[in-house]
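**Student:** To be precise about what I am sending: the file is called model.csv and holds CSV, C-alpha atoms.
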chain,number,residue,atom,x,y,z
W,21,MET,CA,19.7,-74.5,28.0
W,22,VAL,CA,20.0,-71.4,30.1
W,23,THR,CA,23.0,-71.4,32.4
W,24,ARG,CA,23.0,-70.1,36.0
W,25,ALA,CA,25.2,-67.2,34.9
W,26,GLY,CA,22.8,-66.2,32.1
W,27,ALA,CA,19.8,-66.4,34.5
W,28,GLY,CA,21.7,-64.1,36.9
W,29,ALA,CA,22.4,-61.6,34.2
W,30,ALA,CA,18.7,-61.5,33.1
W,31,VAL,CA,17.7,-60.9,36.7
W,32,ALA,CA,20.2,-58.1,37.1
W,33,ALA,CA,19.0,-56.5,33.8
W,34,THR,CA,15.4,-56.7,35.0
W,35,ALA,CA,16.4,-55.0,38.3
W,36,VAL,CA,18.2,-52.2,36.5
W,37,VAL,CA,15.2,-51.5,34.3
W,38,ALA,CA,12.9,-51.5,37.3
W,39,LEU,CA,15.2,-49.1,39.1
W,40,LEU,CA,15.4,-46.7,36.1
W,41,SER,CA,11.6,-46.8,35.7
W,42,ALA,CA,11.2,-45.9,39.3
W,43,ALA,CA,13.7,-43.1,39.0
W,44,LEU,CA,11.9,-41.7,35.9
W,45,ALA,CA,8.6,-41.9,37.7
W,46,LEU,CA,10.0,-39.8,40.6
W,47,TYR,CA,11.9,-37.2,38.6
W,48,ARG,CA,10.2,-36.9,35.2
W,49,PRO,CA,6.9,-35.0,34.9
W,50,PRO,CA,4.0,-37.1,33.7
W,51,LEU,CA,3.4,-37.4,30.0
W,52,ASP,CA,0.4,-35.1,29.9
W,53,ALA,CA,2.5,-32.4,31.6
W,54,VAL,CA,5.2,-32.7,28.9
W,55,LEU,CA,2.5,-32.4,26.2
W,56,GLU,CA,1.0,-29.4,28.0
W,57,ARG,CA,4.4,-27.7,28.1
W,58,ALA,CA,5.0,-28.4,24.4
W,59,PHE,CA,1.7,-27.0,23.5
W,60,SER,CA,2.4,-23.9,25.6
W,61,LEU,CA,5.7,-23.3,23.9
W,62,ARG,CA,4.0,-23.6,20.5
W,63,LYS,CA,1.4,-21.1,21.6
W,64,VAL,CA,4.0,-18.7,22.9
W,65,HIS,CA,5.8,-19.0,19.6
W,66,SER,CA,2.6,-18.2,17.7
W,67,ILE,CA,1.8,-15.2,19.9
W,68,LYS,CA,5.4,-14.0,19.4
W,69,ASP,CA,5.0,-14.2,15.6
W,70,MET,CA,1.7,-12.4,15.8
W,71,GLU,CA,3.2,-9.7,17.9
W,72,ASN,CA,6.1,-9.2,15.5
W,73,THR,CA,3.6,-8.8,12.6
W,74,LEU,CA,1.4,-6.4,14.6
W,75,GLN,CA,4.6,-4.3,15.1
W,76,LEU,CA,4.9,-4.0,11.4
W,77,VAL,CA,1.3,-2.8,11.2
W,78,ARG,CA,2.2,-0.2,13.9
W,79,ASN,CA,5.1,0.9,11.7
W,80,ILE,CA,2.8,1.9,8.8
W,81,ILE,CA,0.3,4.0,10.8
W,82,PRO,CA,0.9,7.7,10.2
W,83,PRO,CA,1.1,9.8,13.3
W,84,LEU,CA,-1.6,12.4,14.0
W,85,SER,CA,-0.4,15.9,13.5
W,86,SER,CA,-2.0,19.4,13.5
W,87,THR,CA,0.0,20.3,10.5
W,88,LYS,CA,-1.8,17.9,8.2
W,89,HIS,CA,-4.6,18.9,5.9
W,90,LYS,CA,-8.0,17.2,5.4
W,91,GLY,CA,-7.6,14.2,3.1
W,92,GLN,CA,-3.9,13.5,3.7
W,93,ASP,CA,-4.5,10.4,5.9
W,94,GLY,CA,-6.8,8.8,3.4
W,95,ARG,CA,-9.6,9.4,0.9
W,96,ILE,CA,-11.4,6.0,0.4
W,97,GLY,CA,-14.1,5.1,-2.1
W,98,VAL,CA,-16.6,2.3,-1.7
W,99,VAL,CA,-18.3,0.9,-4.8
W,100,GLY,CA,-21.5,-0.9,-3.8
W,101,GLY,CA,-25.0,-0.6,-2.5
W,102,CYS,CA,-28.3,-1.5,-4.3
W,103,GLN,CA,-31.9,-1.3,-3.1
W,104,GLU,CA,-31.7,-4.5,-1.1
W,105,TYR,CA,-28.3,-4.0,0.4
W,106,THR,CA,-27.7,-0.6,1.9
W,107,GLY,CA,-26.0,-1.7,5.2
W,108,ALA,CA,-22.9,-3.2,3.7
W,109,PRO,CA,-21.5,-0.1,1.9
W,110,TYR,CA,-22.3,1.9,5.0
W,111,PHE,CA,-20.4,-0.5,7.2
W,112,ALA,CA,-17.4,-0.4,4.9
W,113,ALA,CA,-17.4,3.3,4.5
W,114,ILE,CA,-17.9,4.2,8.1
W,115,SER,CA,-15.3,1.7,9.2
W,116,ALA,CA,-12.8,3.4,7.0
W,117,LEU,CA,-13.5,6.7,8.8
W,118,LYS,CA,-13.4,5.1,12.2
W,119,VAL,CA,-9.9,3.6,11.5
W,120,GLY,CA,-8.6,7.0,10.4
W,121,ALA,CA,-9.4,7.9,6.9
W,122,ASP,CA,-10.3,11.6,6.5
W,123,LEU,CA,-13.0,11.2,3.8
W,124,SER,CA,-15.1,8.3,2.7
W,125,HIS,CA,-17.1,8.2,-0.5
W,126,VAL,CA,-19.9,5.7,-1.5
W,127,PHE,CA,-20.7,5.1,-5.2
W,128,CYS,CA,-24.0,3.3,-5.2
W,129,ALA,CA,-27.4,2.8,-6.9
W,130,SER,CA,-29.8,5.7,-6.7
W,131,ALA,CA,-32.3,3.6,-4.8
W,132,ALA,CA,-29.6,3.1,-2.1
W,133,ALA,CA,-28.3,6.6,-1.8
W,134,PRO,CA,-31.0,8.3,0.3
W,135,VAL,CA,-30.9,5.4,2.8
W,136,ILE,CA,-27.1,5.4,3.1
W,137,LYS,CA,-27.2,9.2,3.5
W,138,ALA,CA,-29.7,8.8,6.3
W,139,TYR,CA,-27.4,6.3,8.1
W,140,SER,CA,-24.7,8.9,8.5
W,141,PRO,CA,-23.9,12.5,7.5
W,142,GLU,CA,-20.2,11.6,7.6
W,143,LEU,CA,-20.3,9.9,4.2
W,144,ILE,CA,-20.2,11.4,0.7
W,145,VAL,CA,-22.7,9.5,-1.3
W,146,HIS,CA,-22.8,9.4,-5.1
W,147,PRO,CA,-26.0,7.8,-6.7
W,148,VAL,CA,-24.3,6.9,-10.0
W,149,LEU,CA,-24.3,3.1,-10.4
W,150,PHE,CA,-27.8,2.2,-11.2
W,151,ALA,CA,-31.2,3.8,-11.3
W,152,GLU,CA,-34.0,3.2,-8.8
W,153,GLY,CA,-35.8,0.0,-9.4
W,154,GLY,CA,-33.3,-1.0,-12.1
W,155,ASN,CA,-32.1,-4.2,-10.4
W,156,GLU,CA,-35.2,-5.6,-8.8
W,157,GLY,CA,-38.8,-6.4,-9.8
W,158,PRO,CA,-40.3,-8.0,-12.9
W,159,LEU,CA,-38.9,-5.3,-15.2
W,160,SER,CA,-35.3,-6.1,-14.3
W,161,SER,CA,-35.4,-9.1,-16.7
W,162,ASN,CA,-36.3,-6.7,-19.6
W,163,LYS,CA,-33.0,-6.0,-21.4
W,164,THR,CA,-34.3,-2.7,-22.9
W,165,PHE,CA,-35.4,-1.4,-19.5
W,166,ARG,CA,-32.1,-2.5,-17.9
W,167,ALA,CA,-30.0,-0.9,-20.6
W,168,LEU,CA,-31.8,2.4,-20.1
W,169,SER,CA,-31.8,2.4,-16.3
W,170,SER,CA,-28.3,3.7,-15.7
W,171,ASP,CA,-28.2,6.9,-13.6
W,172,SER,CA,-26.0,8.6,-16.2
W,173,PRO,CA,-24.9,8.1,-19.8
W,174,SER,CA,-21.8,6.5,-18.3
W,175,ALA,CA,-21.6,5.4,-14.7
W,176,VAL,CA,-17.9,4.6,-15.3
W,177,ASP,CA,-17.2,8.1,-16.4
W,178,GLU,CA,-19.0,9.5,-13.3
W,179,VAL,CA,-16.8,7.4,-10.9
W,180,GLU,CA,-13.7,8.0,-13.0
W,181,LYS,CA,-14.0,11.7,-12.3
W,182,TRP,CA,-13.4,11.0,-8.7
W,183,LEU,CA,-10.6,8.5,-9.0
W,184,PRO,CA,-7.7,11.0,-9.0
W,185,ARG,CA,-8.9,12.2,-5.6
W,186,LEU,CA,-9.0,8.7,-4.0
W,187,HIS,CA,-6.2,6.7,-2.4
W,188,ALA,CA,-8.0,3.3,-2.4
W,189,LEU,CA,-11.2,1.7,-3.6
W,190,VAL,CA,-13.3,-1.0,-1.9
W,191,VAL,CA,-15.4,-2.8,-4.4
W,192,GLY,CA,-18.3,-5.1,-3.7
W,193,PRO,CA,-20.2,-4.4,-0.4
W,194,GLY,CA,-23.9,-4.6,-1.1
W,195,LEU,CA,-23.3,-4.6,-4.8
W,196,GLY,CA,-25.8,-7.1,-6.1
W,197,ARG,CA,-25.4,-9.1,-9.3
W,198,ASP,CA,-27.4,-7.2,-11.9
W,199,ASP,CA,-25.7,-7.4,-15.3
W,200,VAL,CA,-25.7,-3.7,-16.1
W,201,LEU,CA,-24.3,-2.8,-12.7
W,202,LEU,CA,-21.6,-5.4,-12.9
W,203,ARG,CA,-20.6,-4.1,-16.3
W,204,ASN,CA,-20.2,-0.7,-14.8
W,205,VAL,CA,-18.1,-2.1,-12.0
W,206,GLN,CA,-15.9,-3.9,-14.5
W,207,GLY,CA,-15.2,-0.6,-16.2
W,208,ILE,CA,-14.5,1.0,-12.8
W,209,LEU,CA,-12.0,-1.7,-12.0
W,210,GLU,CA,-10.3,-1.2,-15.4
W,211,ALA,CA,-10.1,2.6,-14.8
W,212,SER,CA,-8.7,2.1,-11.3
W,213,LYS,CA,-6.0,-0.3,-12.6
W,214,ALA,CA,-5.0,2.3,-15.3
W,215,ARG,CA,-4.5,4.8,-12.5
W,216,ASP,CA,-2.6,2.4,-10.3
W,217,ILE,CA,-5.2,2.7,-7.5
W,218,PRO,CA,-5.2,0.0,-4.8
W,219,VAL,CA,-8.4,-2.0,-4.8
W,220,VAL,CA,-10.0,-4.2,-2.1
W,221,ILE,CA,-12.5,-6.6,-3.5
W,222,ASP,CA,-15.2,-8.3,-1.4
W,223,ALA,CA,-18.7,-9.8,-1.6
W,224,ASP,CA,-20.3,-9.6,-5.1
W,225,GLY,CA,-17.1,-8.0,-6.4
W,226,LEU,CA,-15.6,-11.4,-5.8
W,227,TRP,CA,-18.4,-13.0,-7.8
W,228,LEU,CA,-17.6,-10.7,-10.7
W,229,VAL,CA,-13.9,-11.7,-10.4
W,230,ALA,CA,-14.8,-15.4,-10.4
W,231,GLN,CA,-16.6,-14.8,-13.7
W,232,GLN,CA,-13.7,-12.8,-15.2
W,233,PRO,CA,-10.4,-13.5,-13.3
W,234,ALA,CA,-8.5,-11.6,-16.0
W,235,LEU,CA,-10.0,-8.4,-14.4
W,236,ILE,CA,-7.4,-8.5,-11.6
W,237,GLN,CA,-4.9,-11.0,-13.1
W,238,GLY,CA,-1.4,-9.8,-12.2
W,239,TYR,CA,-2.6,-6.6,-10.5
W,240,GLN,CA,-0.6,-6.7,-7.4
W,241,LYS,CA,-2.3,-3.7,-5.8
W,242,ALA,CA,-5.5,-5.8,-5.4
W,243,VAL,CA,-6.6,-7.6,-2.3
W,244,LEU,CA,-9.3,-10.2,-2.4
W,245,THR,CA,-11.2,-11.0,0.9
W,246,PRO,CA,-13.3,-14.2,0.3
W,247,ASN,CA,-15.2,-16.2,2.9
W,248,HIS,CA,-15.3,-20.0,2.6
W,249,MET,CA,-17.9,-20.2,-0.2
W,250,GLU,CA,-16.4,-17.2,-2.1
W,251,PHE,CA,-12.9,-18.8,-1.9
W,252,SER,CA,-14.2,-22.1,-3.2
W,253,ARG,CA,-15.9,-20.4,-6.2
W,254,LEU,CA,-12.7,-18.4,-7.0
W,255,TYR,CA,-10.4,-21.4,-6.6
W,256,ASP,CA,-12.5,-23.5,-9.0
W,257,ALA,CA,-12.8,-20.7,-11.5
W,258,VAL,CA,-9.0,-20.0,-11.6
W,259,LEU,CA,-7.5,-23.4,-10.9
W,260,ARG,CA,-10.2,-25.6,-12.4
W,261,GLY,CA,-10.5,-27.9,-9.5
W,262,PRO,CA,-11.9,-28.2,-6.0
W,263,VAL,CA,-10.1,-26.8,-2.9
W,264,ASP,CA,-8.1,-29.1,-0.8
W,265,SER,CA,-9.9,-28.6,2.5
W,266,ASP,CA,-7.0,-30.3,4.4
W,267,ASP,CA,-4.5,-27.7,3.2
W,268,ARG,CA,-5.9,-24.2,3.6
W,269,HIS,CA,-2.4,-22.7,3.7
W,270,GLY,CA,-1.4,-24.3,0.4
W,271,SER,CA,-4.8,-23.5,-1.3
W,272,VAL,CA,-4.5,-19.8,-0.5
W,273,LEU,CA,-0.9,-19.7,-1.7
W,274,ARG,CA,-1.8,-21.5,-4.9
W,275,LEU,CA,-4.7,-19.2,-5.7
W,276,SER,CA,-2.6,-16.1,-5.1
W,277,GLN,CA,0.1,-17.5,-7.4
W,278,ALA,CA,-2.3,-18.4,-10.1
W,279,LEU,CA,-3.7,-14.9,-10.0
W,280,GLY,CA,-0.2,-13.4,-10.5
W,281,ASN,CA,0.6,-12.8,-6.8
W,282,VAL,CA,-2.5,-10.9,-6.0
W,283,THR,CA,-3.0,-10.8,-2.2
W,284,VAL,CA,-5.7,-13.2,-1.0
W,285,VAL,CA,-7.3,-13.2,2.5
W,286,GLN,CA,-9.4,-16.3,3.2
W,287,LYS,CA,-11.6,-15.4,6.1
W,288,GLY,CA,-12.5,-18.2,8.6
W,289,GLU,CA,-11.9,-19.6,12.0
W,290,ARG,CA,-8.4,-18.4,11.4
W,291,ASP,CA,-7.7,-15.9,8.6
W,292,ILE,CA,-5.1,-17.2,6.1
W,293,LEU,CA,-3.3,-14.5,4.0
W,294,SER,CA,-0.9,-14.9,1.1
W,295,ASN,CA,0.7,-12.9,-1.7
W,296,GLY,CA,1.9,-16.0,-3.4
W,297,GLN,CA,5.3,-15.8,-1.7
W,298,GLN,CA,4.5,-15.7,2.0
W,299,VAL,CA,1.6,-17.1,4.1
W,300,LEU,CA,0.4,-15.4,7.3
W,301,VAL,CA,-2.1,-16.7,9.8
W,302,CYS,CA,-4.2,-14.3,11.9
W,303,SER,CA,-5.6,-16.0,14.9
W,304,GLN,CA,-6.4,-12.9,17.0
W,305,GLU,CA,-9.1,-13.8,19.5
W,306,GLY,CA,-12.6,-12.9,18.3
W,307,SER,CA,-15.8,-14.6,19.3
W,308,SER,CA,-18.3,-17.3,18.2
W,309,ARG,CA,-20.8,-14.7,17.1
W,310,ARG,CA,-21.1,-14.5,13.3
W,311,CYS,CA,-23.4,-11.6,12.5
W,312,GLY,CA,-23.6,-10.3,9.0
W,313,GLY,CA,-21.5,-7.2,8.1
W,314,GLN,CA,-18.2,-8.2,9.7
W,315,GLY,CA,-16.6,-8.6,6.3
W,316,ASP,CA,-17.6,-5.1,5.4
W,317,LEU,CA,-15.8,-3.7,8.5
W,318,LEU,CA,-12.8,-5.7,7.4
W,319,SER,CA,-12.9,-4.4,3.8
W,320,GLY,CA,-13.4,-0.8,4.8
W,321,SER,CA,-10.6,-0.8,7.4
W,322,LEU,CA,-8.3,-2.6,4.9
W,323,GLY,CA,-8.8,0.1,2.3
W,324,VAL,CA,-7.3,2.6,4.7
W,325,LEU,CA,-4.5,0.3,5.9
W,326,VAL,CA,-3.5,-0.5,2.3
W,327,HIS,CA,-3.1,3.2,1.5
W,328,TRP,CA,-1.0,3.7,4.7
W,329,ALA,CA,1.1,0.6,4.0
W,330,LEU,CA,1.9,1.6,0.4
W,331,LEU,CA,2.7,5.2,1.5
W,332,ALA,CA,5.1,3.8,4.2
W,333,GLY,CA,6.8,1.4,1.9
W,334,PRO,CA,8.6,-1.9,2.4
W,335,GLU,CA,11.3,-0.3,4.6
W,336,LYS,CA,8.6,0.2,7.3
W,337,THR,CA,7.4,-3.4,6.9
W,338,ASN,CA,10.9,-5.0,7.2
W,339,GLY,CA,10.8,-6.2,3.6
W,340,SER,CA,7.4,-7.9,3.9
W,341,SER,CA,4.7,-7.1,1.4
W,342,PRO,CA,2.9,-3.8,2.5
W,343,LEU,CA,-0.4,-5.2,1.3
W,344,LEU,CA,0.1,-8.4,3.3
W,345,VAL,CA,0.9,-6.4,6.5
W,346,ALA,CA,-2.2,-4.2,5.9
W,347,ALA,CA,-4.4,-7.2,5.5
W,348,PHE,CA,-3.0,-8.7,8.7
W,349,GLY,CA,-3.8,-5.4,10.5
W,350,ALA,CA,-7.4,-5.3,9.2
W,351,CYS,CA,-8.0,-9.0,10.1
W,352,SER,CA,-6.6,-8.4,13.6
W,353,LEU,CA,-8.7,-5.3,14.1
W,354,THR,CA,-11.9,-6.9,13.0
W,355,ARG,CA,-11.4,-9.8,15.3
W,356,GLN,CA,-10.5,-7.5,18.2
W,357,CYS,CA,-13.7,-5.5,17.6
W,358,ASN,CA,-15.7,-8.7,17.6
W,359,HIS,CA,-14.1,-9.8,20.8
W,360,GLN,CA,-14.8,-6.6,22.6
W,361,ALA,CA,-18.3,-6.2,21.4
W,362,PHE,CA,-19.1,-9.8,22.4
W,363,GLN,CA,-17.8,-9.2,25.9
W,364,LYS,CA,-20.5,-6.5,26.2
W,365,HIS,CA,-23.4,-7.8,24.2
W,366,GLY,CA,-22.9,-11.6,23.9
W,367,ARG,CA,-25.3,-13.3,21.6
W,368,SER,CA,-27.0,-10.1,20.6
W,369,THR,CA,-23.8,-8.6,19.2
W,370,THR,CA,-24.3,-6.9,15.8
W,371,THR,CA,-21.8,-5.2,13.4
W,372,SER,CA,-23.0,-1.8,14.7
W,373,ASP,CA,-21.8,-2.9,18.1
W,374,MET,CA,-18.4,-3.9,16.6
W,375,ILE,CA,-18.0,-0.6,14.8
W,376,ALA,CA,-18.5,1.2,18.1
W,377,GLU,CA,-15.4,-0.7,19.3
W,378,VAL,CA,-13.1,0.3,16.5
W,379,GLY,CA,-11.4,3.2,18.4
W,380,ALA,CA,-10.7,1.2,21.5
W,381,ALA,CA,-9.7,-1.9,19.6
W,382,PHE,CA,-7.3,0.2,17.4
W,383,ARG,CA,-5.7,1.7,20.5
W,384,LYS,CA,-5.3,-1.7,22.2
W,385,LEU,CA,-3.7,-3.3,19.1
W,386,PHE,CA,-1.7,-0.5,17.5
W,387,GLU,CA,-1.1,2.3,20.0
W,388,THR,CA,-0.1,0.6,23.3
Step by step, read the file and then write its structure as structure tokens.
**Tutor:**
Amino acid sequence: MVTRAGAGAAVAATAVVALLSAALALYRPPLDAVLERAFSLRKVHSIKDMENTLQLVRNIIPPLSSTKHKGQDGRIGVVGGCQEYTGAPYFAAISALKVGADLSHVFCASAAAPVIKAYSPELIVHPVLFAEGGNEGPLSSNKTFRALSSDSPSAVDEVEKWLPRLHALVVGPGLGRDDVLLRNVQGILEASKARDIPVVIDADGLWLVAQQPALIQGYQKAVLTPNHMEFSRLYDAVLRGPVDSDDRHGSVLRLSQALGNVTVVQKGERDILSNGQQVLVCSQEGSSRRCGGQGDLLSGSLGVLVHWALLAGPEKTNGSSPLLVAAFGACSLTRQCNHQAFQKHGRSTTTSDMIAEVGAAFRKLFET
């Protein structure tokens, strides 16, 4: 039985709650405003983190100087280019020059060489990987024909002659998957590792690594730049299981660790980067346009930035991995080029439009 005193206390408590609720309604912002503020703070924090990392990229960029000689700011090699795919090695090589390399070499199939030369007189083109017609047509399945179709007695030897002059190698753009060609590239990778040359591996170079992960196992001057499908293939080949699509950060970290702390850049809506110890996320604004060739722009610019980062050393990157900083810079630059090109061309944006934006995008990100 409820007493009169108990009933009075209940009424008083109810009144207090009502008063408190009214006061909160008057002085507290609505819930959606609180959530909006929390999201804004998180966004500001993310932008702050990106700005800090961009500053590390700025630290590794060598100043322009009239006292330098040609080649001092970067001599980059691109290994790729077959009859079907001539645009990819061109995009990678010309992007390296646009970012600031002094010289850019392309080691390609003989069928691709005249086409790539015609694209630009700026590039040094070496038709040494594979003979014309060697990787297409009905004869390509003939083992005798394919074995005889190399441009030289040893394509590896031809490329190896140039390795002492190169600061970094980009392997894969427009490479194709012919067996003889891939065997040559395998030899080139081995020769590059022996000389301690940094390598950026993309496109069909990643397909080769998925077949033979030992090629780059433990080589910490390698950077892999897989897209979604290439990453899944690599992950399955190395870790013998499917990717956890709900944990991109963890998946990239695990693949890097399994490869011996090789730097991995998984391209996507946001680029996830890891060297097996640290994970970075690049969410620089780009656009919704996904034209072919953007990955070639990234790999070519990354070749230059890797050279600059290793030259600058960890003291300029505040102890962070120089390769990881270089990769973040290349991802940010590619996205900024995409954003700027899309502002001008919209749906019709192509990679050529993006390359035209490299200079302005570089200044906006790294020189202002």
**Student:** List every protein, DNA or RNA residue that has an atom no more than 9 Å from (5.8, -15.4, -0.7) in the file's coordinate frame, counting all atoms listed in the file, and report them as a PDB file with C-alpha atoms, in the frame of the given file.
**Tutor:**
ATOM      1  CA  LEU W 273      -0.900 -19.700  -1.700  1.00  0.00           C
ATOM      2  CA  ASN W 281       0.600 -12.800  -6.800  1.00  0.00           C
ATOM      3  CA  SER W 294      -0.900 -14.900   1.100  1.00  0.00           C
ATOM      4  CA  ASN W 295       0.700 -12.900  -1.700  1.00  0.00           C
ATOM      5  CA  GLY W 296       1.900 -16.000  -3.400  1.00  0.00           C
ATOM      6  CA  GLN W 297       5.300 -15.800  -1.700  1.00  0.00           C
ATOM      7  CA  GLN W 298       4.500 -15.700   2.000  1.00  0.00           C
ATOM      8  CA  VAL W 299       1.600 -17.100   4.100  1.00  0.00           C
ATOM      9  CA  SER W 340       7.400  -7.900   3.900  1.00  0.00           C
ATOM     10  CA  SER W 341       4.700  -7.100   1.400  1.00  0.00           C
TER      11      SER W 341
END
**Student:** At a cut-off of 8 Å, using all atoms listed in the file, what residues contact Val98 in chain W? Leave out same-chain residues fewer than 3 positions from it and give the result as a count of residues only.
**Tutor:** 13
**Student:** Considering only C-alpha atoms, return as a short mmCIF file (atom, residue, chain, number, x, y, z; two decimals) with C-alpha atoms, in the coordinates of the input whatever protein or nucleic-acid residues lie within 8 Å of range 214-227 of chain W, sequence-local ones (same chain, fewer than 3 positions apart) excluded.
**Tutor:**
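File written: out_2.cif
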data_model
loop_
_atom_site.label_atom_id
_atom_site.label_comp_id
_atom_site.auth_asym_id
_atom_site.auth_seq_id
_atom_site.Cartn_x
_atom_site.Cartn_y
_atom_site.Cartn_z
CA LEU W 183 -10.60 8.50 -9.00
CA PRO W 184 -7.70 11.00 -9.00
CA LEU W 186 -9.00 8.70 -4.00
CA HIS W 187 -6.20 6.70 -2.40
CA ALA W 188 -8.00 3.30 -2.40
CA LEU W 189 -11.20 1.70 -3.60
CA VAL W 190 -13.30 -1.00 -1.90
CA VAL W 191 -15.40 -2.80 -4.40
CA GLY W 192 -18.30 -5.10 -3.70
CA PRO W 193 -20.20 -4.40 -0.40
CA GLY W 194 -23.90 -4.60 -1.10
CA LEU W 195 -23.30 -4.60 -4.80
CA GLY W 196 -25.80 -7.10 -6.10
CA ARG W 197 -25.40 -9.10 -9.30
CA GLU W 210 -10.30 -1.20 -15.40
CA ALA W 211 -10.10 2.60 -14.80
CA ALA W 230 -14.80 -15.40 -10.40
CA GLN W 231 -16.60 -14.80 -13.70
CA LYS W 241 -2.30 -3.70 -5.80
CA ALA W 242 -5.50 -5.80 -5.40
CA VAL W 243 -6.60 -7.60 -2.30
CA LEU W 244 -9.30 -10.20 -2.40
CA THR W 245 -11.20 -11.00 0.90
CA PRO W 246 -13.30 -14.20 0.30
CA GLU W 250 -16.40 -17.20 -2.10
CA ARG W 253 -15.90 -20.40 -6.20
CA LEU W 254 -12.70 -18.40 -7.00
CA GLY W 315 -16.60 -8.60 6.30
CA ASP W 316 -17.60 -5.10 5.40
CA SER W 319 -12.90 -4.40 3.80
CA LEU W 322 -8.30 -2.60 4.90
CA GLY W 323 -8.80 0.10 2.30
CA VAL W 326 -3.50 -0.50 2.30
CA HIS W 327 -3.10 3.20 1.50
#
**Student:** List as a PyMOL selection string the residues having at least one atom at most 10 Å from position (2.8, -6.4, 13.7) as given in the file, counting all atoms listed in the file.
**Tutor:** chain W and resi 68-80+337+345-346+348-349+352+385-386
**Student:** Go ahead and write the residues just picked, C-alpha atoms, as a compact mmCIF listing (two decimals), in the coordinates of the input.
**Tutor:**
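Contents of again.txt, freshly written:
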# COMPACT_ATOMS: atom_id res chain seq x y z
CA LYS W 68 5.40 -14.00 19.40
CA ASP W 69 5.00 -14.20 15.60
CA MET W 70 1.70 -12.40 15.80
CA GLU W 71 3.20 -9.70 17.90
CA ASN W 72 6.10 -9.20 15.50
CA THR W 73 3.60 -8.80 12.60
CA LEU W 74 1.40 -6.40 14.60
CA GLN W 75 4.60 -4.30 15.10
CA LEU W 76 4.90 -4.00 11.40
CA VAL W 77 1.30 -2.80 11.20
CA ARG W 78 2.20 -0.20 13.90
CA ASN W 79 5.10 0.90 11.70
CA ILE W 80 2.80 1.90 8.80
CA THR W 337 7.40 -3.40 6.90
CA VAL W 345 0.90 -6.40 6.50
CA ALA W 346 -2.20 -4.20 5.90
CA PHE W 348 -3.00 -8.70 8.70
CA GLY W 349 -3.80 -5.40 10.50
CA SER W 352 -6.60 -8.40 13.60
CA LEU W 385 -3.70 -3.30 19.10
CA PHE W 386 -1.70 -0.50 17.50
**Student:** Taking into account all atoms listed in the file, which residue in the set W:Ala108, W:Asp198, W:Pro141, W:Gly333 is nearest to Leu318 in chain W?
**Tutor:**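 Using all atoms listed in the file, Leu318 in chain W sits closest to W:Ala108.
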